[in-house]
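K.L.:
Structure file model-v6.csv (CSV, C-alpha atoms) right here:
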```csv
chain,number,residue,atom,x,y,z
A,1369,MET,CA,-7.6,33.3,13.9
A,1370,ILE,CA,-8.8,32.2,10.4
A,1371,ARG,CA,-5.2,32.3,9.1
A,1372,ARG,CA,-4.0,30.3,12.1
A,1373,LEU,CA,-6.7,27.7,11.4
A,1374,GLN,CA,-5.7,27.5,7.8
A,1375,MET,CA,-2.1,27.0,8.7
A,1376,ARG,CA,-3.0,24.1,11.0
A,1377,GLN,CA,-5.1,22.5,8.4
A,1378,TRP,CA,-2.2,22.8,5.8
A,1379,SER,CA,0.2,21.4,8.3
A,1380,LEU,CA,-2.1,18.4,8.9
A,1381,CYS,CA,-2.5,17.9,5.1
A,1382,PHE,CA,1.3,18.0,4.7
A,1383,SER,CA,1.9,15.5,7.4
A,1384,ILE,CA,-0.7,13.1,6.2
A,1385,ALA,CA,0.4,13.4,2.6
A,1386,LEU,CA,4.1,12.8,3.4
A,1387,ASN,CA,3.3,9.8,5.6
A,1388,SER,CA,1.3,8.2,2.8
A,1389,PHE,CA,3.7,9.2,0.1
A,1390,CYS,CA,6.7,7.7,1.9
A,1391,ALA,CA,5.1,4.4,2.9
A,1392,GLY,CA,5.7,2.3,-0.3
A,1393,GLY,CA,9.4,1.6,0.1
A,1394,MET,CA,8.7,-2.2,0.4
A,1395,PHE,CA,7.4,-2.3,-3.1
A,1396,THR,CA,10.8,-1.4,-4.5
A,1397,PHE,CA,12.1,-4.9,-3.7
A,1398,PRO,CA,12.0,-5.9,-7.4
A,1399,LEU,CA,14.8,-3.3,-7.8
A,1400,ILE,CA,16.8,-4.8,-4.9
A,1401,SER,CA,16.4,-8.5,-5.8
A,1402,PRO,CA,18.6,-8.6,-8.9
A,1403,ALA,CA,21.6,-7.2,-6.9
A,1404,LEU,CA,20.9,-9.7,-4.1
A,1405,ALA,CA,20.9,-12.6,-6.6
A,1406,THR,CA,24.0,-11.4,-8.4
A,1407,HIS,CA,26.3,-10.3,-5.6
A,1408,TYR,CA,25.0,-12.3,-2.6
A,1409,LYS,CA,23.9,-15.5,-4.4
A,1410,LEU,CA,20.4,-15.5,-3.0
A,1411,SER,CA,18.2,-18.0,-4.8
A,1412,GLN,CA,14.7,-17.3,-6.0
A,1413,PRO,CA,13.1,-19.1,-3.0
A,1414,HIS,CA,15.2,-16.9,-0.7
A,1415,LEU,CA,14.1,-13.7,-2.5
A,1416,THR,CA,10.5,-14.8,-2.4
A,1417,THR,CA,10.6,-15.6,1.3
A,1418,ILE,CA,12.1,-12.1,2.0
A,1419,ILE,CA,9.4,-10.2,0.2
A,1420,LEU,CA,6.6,-12.4,1.4
A,1421,ALA,CA,7.6,-11.8,4.9
A,1422,GLY,CA,7.0,-8.1,4.3
A,1423,MET,CA,3.8,-8.5,2.2
A,1424,MET,CA,2.1,-11.1,4.4
A,1425,SER,CA,3.0,-9.5,7.7
A,1426,GLN,CA,0.5,-6.7,6.9
A,1427,TYR,CA,-2.7,-8.7,7.0
A,1428,PRO,CA,-2.6,-10.5,10.4
A,1429,VAL,CA,-2.0,-7.2,12.2
A,1430,ALA,CA,-4.4,-5.0,10.3
A,1431,VAL,CA,-7.2,-5.4,12.8
A,1432,ILE,CA,-4.8,-4.6,15.7
A,1433,VAL,CA,-3.6,-1.5,13.8
A,1434,GLY,CA,-7.1,-0.4,13.3
A,1435,SER,CA,-7.9,-0.9,17.0
A,1436,LEU,CA,-4.8,1.1,18.0
A,1437,ASN,CA,-5.9,3.9,15.7
A,1438,ASP,CA,-9.3,3.9,17.4
A,1439,GLN,CA,-7.9,3.8,20.9
A,1440,HIS,CA,-4.8,6.0,20.6
A,1441,GLY,CA,-5.1,7.9,17.4
A,1442,PRO,CA,-3.0,8.1,14.2
A,1443,ALA,CA,-0.1,9.9,16.0
A,1444,THR,CA,0.9,6.8,18.0
A,1445,CYS,CA,0.7,4.5,14.9
A,1446,THR,CA,2.8,7.0,13.0
A,1447,LEU,CA,5.5,6.8,15.7
A,1448,ILE,CA,5.4,3.0,15.6
A,1449,ALA,CA,5.7,3.2,11.8
A,1450,ALA,CA,8.8,5.4,12.1
A,1451,ALA,CA,10.5,2.9,14.4
A,1452,LEU,CA,9.6,-0.1,12.3
A,1453,PHE,CA,10.7,1.5,9.0
A,1454,SER,CA,14.0,2.8,10.3
A,1455,THR,CA,14.8,-0.5,12.1
A,1456,GLY,CA,13.7,-2.6,9.2
A,1457,PHE,CA,15.5,-0.7,6.4
A,1458,GLY,CA,18.4,0.2,8.6
A,1459,GLY,CA,18.9,-3.4,9.7
A,1460,PHE,CA,18.6,-4.7,6.1
A,1461,SER,CA,21.3,-2.2,5.0
A,1462,TRP,CA,23.6,-3.1,7.9
A,1463,GLU,CA,23.2,-6.8,7.3
A,1464,ILE,CA,24.1,-6.5,3.6
A,1465,TYR,CA,27.0,-4.1,4.4
A,1466,ASN,CA,28.5,-6.8,6.7
A,1467,THR,CA,28.0,-9.6,4.2
A,1468,PRO,CA,31.0,-10.2,1.8
A,1469,SER,CA,30.1,-9.6,-1.8
A,1470,ASP,CA,30.2,-12.5,-4.3
A,1471,LEU,CA,29.8,-15.0,-1.4
A,1472,PRO,CA,26.6,-16.9,-0.5
A,1473,VAL,CA,24.7,-15.4,2.4
A,1474,SER,CA,24.7,-17.5,5.5
A,1475,GLN,CA,21.5,-19.0,6.8
A,1476,ALA,CA,21.6,-16.8,9.9
A,1477,SER,CA,22.1,-13.7,7.8
A,1478,PHE,CA,19.2,-14.8,5.5
A,1479,TYR,CA,16.9,-15.1,8.5
A,1480,ARG,CA,17.9,-11.6,9.7
A,1481,LEU,CA,17.1,-10.2,6.2
A,1482,VAL,CA,13.7,-11.9,6.4
A,1483,PHE,CA,13.0,-10.4,9.8
A,1484,CYS,CA,14.1,-6.9,8.6
A,1485,PHE,CA,11.6,-7.0,5.8
A,1486,LEU,CA,8.9,-8.3,8.1
A,1487,LEU,CA,9.4,-5.1,10.1
A,1488,VAL,CA,9.2,-3.1,6.9
A,1489,GLY,CA,5.8,-4.8,6.1
A,1490,LEU,CA,4.5,-4.0,9.6
A,1491,GLY,CA,5.7,-0.4,9.2
A,1492,THR,CA,3.8,-0.2,5.9
A,1493,VAL,CA,0.4,-1.2,7.4
A,1494,PHE,CA,0.9,1.1,10.4
A,1495,SER,CA,1.8,4.0,8.1
A,1496,TYR,CA,-1.0,3.5,5.6
A,1497,CYS,CA,-3.7,2.9,8.2
A,1498,SER,CA,-2.7,5.9,10.3
A,1499,SER,CA,-2.7,8.2,7.2
A,1500,LEU,CA,-6.1,7.0,6.0
A,1501,PHE,CA,-7.6,7.2,9.5
A,1502,ALA,CA,-6.2,10.7,10.0
A,1503,ALA,CA,-7.5,11.9,6.6
A,1504,SER,CA,-11.0,10.7,7.3
A,1505,LYS,CA,-11.2,11.9,10.9
A,1506,TYR,CA,-9.5,15.3,10.6
A,1507,PHE,CA,-11.4,16.2,7.4
A,1508,PRO,CA,-14.9,14.7,7.7
A,1509,ASN,CA,-16.5,17.3,5.5
A,1510,HIS,CA,-14.2,16.2,2.6
A,1511,ILE,CA,-13.8,12.6,3.5
A,1512,GLY,CA,-13.9,11.4,-0.2
A,1513,LEU,CA,-11.2,13.8,-1.3
A,1514,ALA,CA,-9.0,13.3,1.8
A,1515,SER,CA,-9.2,9.5,1.6
A,1516,GLY,CA,-8.8,9.3,-2.1
A,1517,ALA,CA,-5.8,11.6,-2.1
A,1518,THR,CA,-4.2,9.5,0.7
A,1519,MET,CA,-4.6,6.3,-1.3
A,1520,ALA,CA,-3.4,7.9,-4.5
A,1521,LEU,CA,-0.2,9.2,-2.8
A,1522,PHE,CA,0.4,5.7,-1.4
A,1523,GLY,CA,0.1,4.3,-4.9
A,1524,LEU,CA,2.6,6.9,-6.2
A,1525,SER,CA,5.1,6.0,-3.4
A,1526,PRO,CA,6.9,3.2,-5.3
A,1527,LEU,CA,7.1,5.4,-8.4
A,1528,PHE,CA,8.9,8.1,-6.4
A,1529,TYR,CA,11.3,5.6,-4.8
A,1530,SER,CA,12.1,3.9,-8.0
A,1531,VAL,CA,12.9,7.2,-9.7
A,1532,ILE,CA,15.3,8.0,-6.8
A,1533,ALA,CA,16.8,4.5,-7.0
A,1534,THR,CA,17.5,4.6,-10.7
A,1535,THR,CA,18.8,8.1,-10.6
A,1536,PHE,CA,21.1,8.1,-7.6
A,1537,PHE,CA,21.7,4.5,-6.5
A,1538,MET,CA,22.1,2.5,-9.8
A,1539,ASP,CA,25.5,1.3,-10.9
A,1540,PRO,CA,25.9,2.6,-14.5
A,1541,THR,CA,28.2,-0.2,-15.4
A,1542,THR,CA,26.3,-3.2,-14.2
A,1543,GLY,CA,22.8,-1.7,-14.0
A,1544,LEU,CA,22.4,-3.1,-10.5
A,1545,LEU,CA,21.2,-1.2,-7.5
A,1546,ASN,CA,23.5,-0.3,-4.6
A,1547,VAL,CA,21.4,-2.1,-2.0
A,1548,VAL,CA,23.3,-0.8,1.1
A,1549,SER,CA,23.1,2.9,0.2
A,1550,PHE,CA,19.5,2.7,-1.1
A,1551,THR,CA,18.1,0.9,2.0
A,1552,ALA,CA,20.0,3.2,4.3
A,1553,PHE,CA,18.4,6.1,2.4
A,1554,LEU,CA,15.0,4.6,3.0
A,1555,ALA,CA,15.7,4.2,6.7
A,1556,LEU,CA,16.8,7.8,7.0
A,1557,THR,CA,13.9,9.2,4.8
A,1558,THR,CA,11.2,7.4,6.7
A,1559,GLY,CA,12.7,8.4,10.1
A,1560,PHE,CA,12.9,12.1,9.1
A,1561,VAL,CA,9.4,12.1,7.7
A,1562,TYR,CA,7.5,10.1,10.4
A,1563,ILE,CA,9.0,11.6,13.5
A,1564,PRO,CA,7.9,15.2,12.6
A,1565,GLY,CA,4.6,13.7,11.4
A,1566,TRP,CA,4.1,12.2,14.9
A,1567,LEU,CA,4.9,15.5,16.5
A,1568,ASN,CA,2.4,17.3,14.3
A,1569,LEU,CA,-0.4,14.8,14.6
A,1570,ARG,CA,-0.2,14.5,18.4
A,1571,ARG,CA,-1.2,18.2,18.6
A,1572,PHE,CA,-4.7,17.1,17.4
A,1573,PRO,CA,-5.6,14.1,19.6
A,1574,ILE,CA,-8.6,11.8,18.8
A,1575,ASN,CA,-10.5,10.3,21.7
A,1576,SER,CA,-11.2,6.6,22.1
A,1577,THR,CA,-14.7,7.0,20.5
A,1578,GLY,CA,-13.2,8.2,17.3
A,1579,GLY,CA,-14.1,11.8,17.8
A,1580,ILE,CA,-11.7,14.8,17.8
A,1581,GLU,CA,-10.8,16.2,21.2
A,1582,PRO,CA,-12.4,19.6,22.1
A,1583,ASN,CA,-9.0,21.3,22.0
A,1584,SER,CA,-8.6,20.2,18.3
A,1585,SER,CA,-12.2,20.5,17.1
A,1586,HIS,CA,-11.2,23.4,15.0
A,1587,VAL,CA,-9.9,21.1,12.3
A,1588,GLU,CA,-13.3,19.9,10.9
A,1589,GLY,CA,-15.1,18.1,13.8
A,1590,ALA,CA,-15.8,14.5,14.5
A,1591,ILE,CA,-17.7,12.1,12.3
A,1592,ALA,CA,-19.4,8.8,12.4
A,1593,ALA,CA,-17.7,5.7,11.1
A,1594,GLU,CA,-18.3,4.6,7.5
A,1595,THR,CA,-20.6,1.7,6.7
A,1596,THR,CA,-19.5,-1.2,4.6
A,1597,PRO,CA,-21.8,-1.6,1.5
A,1598,LEU,CA,-21.0,-5.2,0.6
A,1599,LEU,CA,-21.8,-6.9,3.9
A,1600,ALA,CA,-24.8,-5.2,5.6
A,1601,SER,CA,-26.1,-6.3,9.0
A,1602,GLU,CA,-29.5,-7.9,9.4
A,1603,SER,CA,-29.6,-7.4,13.2
A,1604,THR,CA,-30.6,-4.6,15.5
A,1605,GLU,CA,-30.6,-0.9,14.7
A,1606,HIS,CA,-28.7,2.1,15.9
A,1607,PRO,CA,-30.8,4.8,17.7
A,1608,SER,CA,-30.5,6.9,14.5
A,1609,GLY,CA,-32.2,4.1,12.5
A,1610,ARG,CA,-29.1,2.8,10.8
A,1611,PRO,CA,-28.4,-0.9,11.1
A,1612,LEU,CA,-25.6,-1.8,13.4
A,1613,ASP,CA,-22.4,-3.3,11.9
A,1614,PRO,CA,-22.5,-7.1,11.9
A,1615,THR,CA,-20.7,-9.0,14.6
A,1616,VAL,CA,-17.9,-11.5,13.8
A,1617,GLY,CA,-20.4,-14.4,14.4
A,1618,GLU,CA,-22.9,-12.9,12.0
A,1619,LEU,CA,-20.2,-12.4,9.4
A,1620,LEU,CA,-19.0,-16.0,9.6
A,1621,LYS,CA,-22.6,-17.2,9.0
A,1622,LYS,CA,-22.9,-15.2,5.8
A,1623,VAL,CA,-22.3,-16.9,2.4
A,1624,ASP,CA,-21.4,-13.5,0.9
A,1625,PHE,CA,-18.6,-13.1,3.4
A,1626,TRP,CA,-16.9,-16.4,2.5
A,1627,LEU,CA,-17.3,-15.8,-1.2
A,1628,LEU,CA,-15.7,-12.4,-0.8
A,1629,ALA,CA,-12.9,-13.9,1.3
A,1630,ILE,CA,-12.2,-16.5,-1.4
A,1631,PHE,CA,-12.3,-13.9,-4.1
A,1632,CYS,CA,-9.8,-11.7,-2.2
A,1633,ILE,CA,-7.5,-14.7,-1.6
A,1634,PHE,CA,-7.2,-15.4,-5.3
A,1635,THR,CA,-7.2,-12.0,-6.8
A,1636,LEU,CA,-5.1,-10.1,-4.2
A,1637,GLY,CA,-2.9,-13.1,-3.6
A,1638,MET,CA,-2.0,-13.5,-7.3
A,1639,SER,CA,-1.6,-9.8,-7.8
A,1640,GLU,CA,0.8,-9.5,-4.8
A,1641,MET,CA,2.8,-12.5,-6.1
A,1642,VAL,CA,3.4,-10.6,-9.4
A,1643,ILE,CA,4.1,-7.3,-7.7
A,1644,SER,CA,6.6,-9.0,-5.3
A,1645,ASN,CA,8.4,-10.9,-8.0
A,1646,ILE,CA,8.2,-8.5,-11.0
A,1647,GLY,CA,12.0,-8.1,-10.9
A,1648,THR,CA,12.6,-11.8,-11.1
A,1649,LEU,CA,10.1,-12.2,-13.8
A,1650,SER,CA,11.8,-9.4,-15.8
A,1651,GLU,CA,15.2,-11.0,-15.2
A,1652,SER,CA,14.0,-14.4,-16.4
A,1653,LEU,CA,12.9,-13.0,-19.8
A,1654,PRO,CA,15.4,-12.2,-22.6
A,1655,PRO,CA,15.9,-8.5,-23.4
A,1656,PRO,CA,14.6,-7.2,-26.7
A,1657,PRO,CA,17.0,-7.6,-29.6
A,1658,TYR,CA,17.8,-3.9,-29.8
A,1659,GLU,CA,19.2,-3.9,-26.2
A,1660,LEU,CA,21.3,-7.0,-26.5
A,1661,THR,CA,24.3,-4.9,-27.6
A,1662,SER,CA,24.1,-2.4,-24.7
A,1663,GLY,CA,27.1,-4.1,-23.0
A,1664,ARG,CA,25.6,-4.1,-19.4
A,1665,SER,CA,22.9,-5.8,-17.4
A,1666,ILE,CA,19.5,-4.3,-18.0
A,1667,ALA,CA,17.6,-6.4,-15.6
A,1668,SER,CA,17.3,-3.7,-13.0
A,1669,SER,CA,16.4,-1.0,-15.5
A,1670,SER,CA,13.6,-3.2,-16.8
A,1671,ALA,CA,12.4,-4.0,-13.3
A,1672,ALA,CA,12.4,-0.3,-12.4
A,1673,PHE,CA,10.2,0.4,-15.4
A,1674,GLN,CA,7.8,-2.3,-14.3
A,1675,VAL,CA,7.7,-0.9,-10.8
A,1676,LYS,CA,6.9,2.5,-12.1
A,1677,LEU,CA,4.2,1.1,-14.4
A,1678,ILE,CA,2.5,-0.8,-11.6
A,1679,SER,CA,2.6,2.3,-9.4
A,1680,VAL,CA,1.1,4.6,-12.1
A,1681,ALA,CA,-1.7,2.0,-12.8
A,1682,ASN,CA,-2.3,1.6,-9.1
A,1683,THR,CA,-2.7,5.3,-8.6
A,1684,LEU,CA,-4.9,5.9,-11.7
A,1685,SER,CA,-7.2,3.1,-10.7
A,1686,ARG,CA,-7.7,4.5,-7.2
A,1687,ILE,CA,-8.4,8.0,-8.6
A,1688,PHE,CA,-10.9,7.0,-11.2
A,1689,VAL,CA,-12.5,3.8,-9.9
A,1690,GLY,CA,-13.4,5.2,-6.5
A,1691,PRO,CA,-15.5,8.2,-7.8
A,1692,LEU,CA,-17.0,6.0,-10.6
A,1693,ALA,CA,-18.2,3.4,-8.0
A,1694,ASP,CA,-19.6,6.1,-5.8
A,1695,LEU,CA,-21.4,7.6,-8.8
A,1696,VAL,CA,-23.1,4.4,-10.2
A,1697,SER,CA,-23.2,2.4,-7.0
A,1698,PRO,CA,-23.6,4.9,-4.2
A,1699,VAL,CA,-23.4,3.9,-0.5
A,1700,PRO,CA,-26.9,3.9,1.1
A,1701,GLY,CA,-27.8,6.3,3.8
A,1702,TYR,CA,-30.5,5.9,6.5
A,1703,LEU,CA,-33.3,8.3,7.7
A,1704,SER,CA,-34.1,8.6,11.3
A,1705,THR,CA,-37.0,6.2,10.7
A,1706,GLY,CA,-34.6,3.5,9.5
A,1707,VAL,CA,-35.6,3.8,5.9
A,1708,GLN,CA,-32.7,3.2,3.5
A,1709,THR,CA,-32.0,6.0,1.0
A,1710,PHE,CA,-29.6,6.5,-1.9
A,1711,PRO,CA,-28.1,9.9,-2.8
A,1712,ARG,CA,-28.2,9.0,-6.5
A,1713,LYS,CA,-29.8,6.3,-8.6
A,1714,HIS,CA,-28.2,2.9,-8.0
A,1715,VAL,CA,-27.2,1.6,-11.5
A,1716,ILE,CA,-25.1,-1.5,-10.8
A,1717,SER,CA,-23.8,-3.5,-7.9
A,1718,ARG,CA,-20.3,-3.0,-6.6
A,1719,PHE,CA,-19.7,-6.7,-7.2
A,1720,ALA,CA,-19.6,-5.7,-10.9
A,1721,PHE,CA,-16.4,-3.8,-10.3
A,1722,LEU,CA,-14.9,-6.8,-8.5
A,1723,SER,CA,-15.9,-9.1,-11.4
A,1724,GLY,CA,-14.4,-6.6,-13.9
A,1725,ALA,CA,-11.1,-6.6,-11.9
A,1726,ALA,CA,-11.0,-10.4,-11.8
A,1727,THR,CA,-11.7,-10.6,-15.5
A,1728,LEU,CA,-8.9,-8.1,-16.2
A,1729,LEU,CA,-6.5,-10.1,-14.1
A,1730,SER,CA,-7.4,-13.4,-15.9
A,1731,LEU,CA,-6.8,-11.8,-19.3
A,1732,THR,CA,-3.5,-10.4,-18.0
A,1733,PHE,CA,-2.2,-13.8,-16.8
A,1734,LEU,CA,-3.3,-15.4,-20.0
A,1735,TRP,CA,-1.3,-12.8,-21.9
A,1736,MET,CA,1.7,-13.7,-19.7
A,1737,GLU,CA,1.3,-17.4,-20.7
A,1738,PHE,CA,0.8,-16.9,-24.4
A,1739,GLY,CA,2.0,-13.4,-25.4
A,1740,VAL,CA,5.1,-12.6,-23.3
A,1741,ARG,CA,8.4,-13.6,-24.9
A,1742,SER,CA,10.7,-10.8,-23.9
A,1743,GLN,CA,11.0,-8.0,-21.4
A,1744,ALA,CA,9.5,-5.5,-23.9
A,1745,GLN,CA,6.2,-7.4,-23.7
A,1746,LEU,CA,6.0,-7.5,-19.9
A,1747,TRP,CA,4.3,-4.1,-19.6
A,1748,ALA,CA,0.9,-5.6,-20.1
A,1749,LEU,CA,1.4,-7.8,-17.0
A,1750,SER,CA,2.4,-4.8,-14.9
A,1751,LEU,CA,-0.4,-2.6,-16.2
A,1752,GLY,CA,-3.1,-5.2,-15.8
A,1753,THR,CA,-2.0,-6.3,-12.4
A,1754,GLY,CA,-1.7,-2.7,-11.1
A,1755,LEU,CA,-5.2,-1.8,-12.4
A,1756,GLY,CA,-6.9,-5.0,-11.1
A,1757,TYR,CA,-5.2,-5.0,-7.7
A,1758,SER,CA,-6.0,-1.4,-6.9
A,1759,THR,CA,-9.6,-1.7,-8.2
A,1760,VAL,CA,-10.3,-4.5,-5.8
A,1761,PHE,CA,-8.8,-2.6,-2.9
A,1762,THR,CA,-10.6,0.6,-3.8
A,1763,VAL,CA,-14.0,-1.0,-4.1
A,1764,LEU,CA,-13.6,-3.0,-0.9
```
Could I get this file's structure written as structure tokens?

P.N.:
Amino acid sequence: MIRRLQMRQWSLCFSIALNSFCAGGMFTFPLISPALATHYKLSQPHLTTIILAGMMSQYPVAVIVGSLNDQHGPATCTLIAAALFSTGFGGFSWEIYNTPSDLPVSQASFYRLVFCFLLVGLGTVFSYCSSLFAASKYFPNHIGLASGATMALFGLSPLFYSVIATTFFMDPTTGLLNVVSFTAFLALTTGFVYIPGWLNLRRFPINSTGGIEPNSSHVEGAIAAETTPLLASESTEHPSGRPLDPTVGELLKKVDFWLLAIFCIFTLGMSEMVISNIGTLSESLPPPPYELTSGRSIASSSAAFQVKLISVANTLSRIFVGPLADLVSPVPGYLSTGVQTFPRKHVISRFAFLSGAATLLSLTFLWMEFGVRSQAQLWALSLGTGLGYSTVFTVL
């Protein structure tokens, strides 16, 4: 019985880890864009529109995805992610395959490429949210480790895909990516990963209140939802004494909420602009002198390095900033009497981490303005953006 329980826990861990690890295919667009610009004559506004369709499609539906996880569990969202990823990447591959090389892409074809990447963006948010939800619900006794590992694997996903791309799908002569083959690989990989993940997760259903069903309570049991430390409610209390989460109307009346929203618009928006266009930024800069005699285009290889660097910085920040924030700025707990308590001494506010991330991003963008003159100096932009972007997300 114990061995069977351990096997089920390991199967859950494996499914959640794979779902998270394979969710970052969208962030390899900087490797795709040089080939699209060279062979299919897509301009920079075209390329930016395609990736923004994927990046921006995540946020409007995040609340809906969270509600679907609450109502139907992570298995359903995993199945939806499989359909969106396979359709999006597969459609993108098919569209490029049917577009003549070295001829401009038609307007109708461009719109179809935008739509395909919009589906990929939706698949990303469905996959990420379902993995994070499953990790926290199925392993409540190790919620920090489970959630942190899930976010770290998601951060490593672009690194994994960029290594695969540069190893197996890069033209050694031109240094450009084979877009058709690579996006077809992404469609097949996500389908083969998420379909078995759905089949496995549906064996452990979660009811509409967020608790694990009795027939799957052997995983680790149900837990209460986490509280948000930055925007506490001033209204009525839960029977346990813990303040209830603020309503939408209460949030809209808070000055802190609007300050946090404006902060996120600027920091996350600028970071995602860099992440989405790092390939174009790399291509716009001259290569270092020692690579000018290589005899082939090195734009894609430089872009691949920047994608890997952003991925590593993203992952390291999630691994170290999260535990550090919990250590020096612990989330408060509540006694049955309603008295707020802290597990450790509260040293600094979590807003200090957000301020630090904003300062790092400001210095990084200043370096881009005054210090970057070739592709060899672009590493600081990638590193600073990856660290600042993931720090904001981790602390929030």

K.L.:
Using Å and a single decimal, report how far CA of Leu1749 in chain A sits from CA of Phe1733 in chain A.

P.N.:
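Separation of CA of Phe1733 in chain A and CA of Leu1749 in chain A: 7.0 Å.
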
K.L.:
Between CA of Asn1682 in chain A and CA of Ser1758 in chain A, what distance in Å does the model show, to one decimal?

P.N.:
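About the pair CA of Asn1682 in chain A and CA of Ser1758 in chain A: they are 5.2 Å apart.
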
K.L.:
Select, from A:Leu1722, A:Leu1746, A:Ala1451, A:Leu1728, the residue with the minimum atom-to-atom distance to Ile1646 in chain A, counting all atoms listed in the file.

P.N.:
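Once distances to Ile1646 in chain A are computed over all atoms listed in the file, the minimum belongs to A:Leu1746.
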
K.L.:
Can you tell me which residues surround range 1487-1495 of chain A at a distance of at most 6 Å, considering only C-alpha atoms, apart from same-chain residues fewer than 5 positions away, and format the answer as an NGL selection string?

P.N.:
:A and (1391 or 1422-1423 or 1425-1426 or 1445-1446 or 1449 or 1452-1453 or 1456)

K.L.:
So how far away is CA of Gly1459 in chain A from CA of Ser1525 in chain A, in Å?

P.N.:
21.2 Å

K.L.:
With distances taken over all atoms listed in the file, which of A:Thr1551, A:Gln1475, A:Asn1437, A:Ser1679 is nearest to Gly1458 in chain A?

P.N.:
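Using all atoms listed in the file, Gly1458 in chain A sits closest to A:Thr1551.
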
K.L.:
Taking all atoms listed in the file into account, name the residue in A:Ile1532, A:Leu1447, A:Met1736, A:Leu1695 that is nearest to Gly1559 in chain A.

P.N.:
A:Leu1447

K.L.:
Residues near range 1544-1547 of chain A, anyone? I mean within 10 Å using all atoms listed in the file, not counting same-chain ones fewer than 6 positions away, as a list in words.

P.N.:
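In the requested form, the answer reads Phe1397, Leu1399, Ile1400, Ser1401, Pro1402, Ala1403, Leu1404, Thr1406, His1407, Phe1460, Ser1461, Ile1464, Tyr1465, Ala1533, Thr1534, Phe1536, Phe1537, Met1538, Phe1553, Arg1664, Ser1665, Ile1666, Ala1667, Ser1668 and Ser1669 of chain A.
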
K.L.:
Which residue out of A:Ser1515, A:Arg1571, A:Trp1566, A:Val1561 has the minimum interatomic distance to Arg1686 in chain A when all atoms listed in the file are used?

P.N.:
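Going through A:Ser1515, A:Arg1571, A:Trp1566, A:Val1561 one by one, the smallest distance to Arg1686 in chain A is for A:Ser1515.
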
K.L.:
Tell me which of A:Phe1761, A:Phe1522, A:Trp1462, A:Tyr1562 sits closest to Ala1450 in chain A, counting all atoms listed in the file.

P.N.:
A:Tyr1562

K.L.:
When distances are computed from only C-alpha atoms, which of A:Pro1656, A:Gly1690, A:Gly1565, A:Gly1647 shows the smallest separation from Ser1750 in chain A?

P.N.:
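Smallest separation from Ser1750 in chain A among the options: A:Gly1647.
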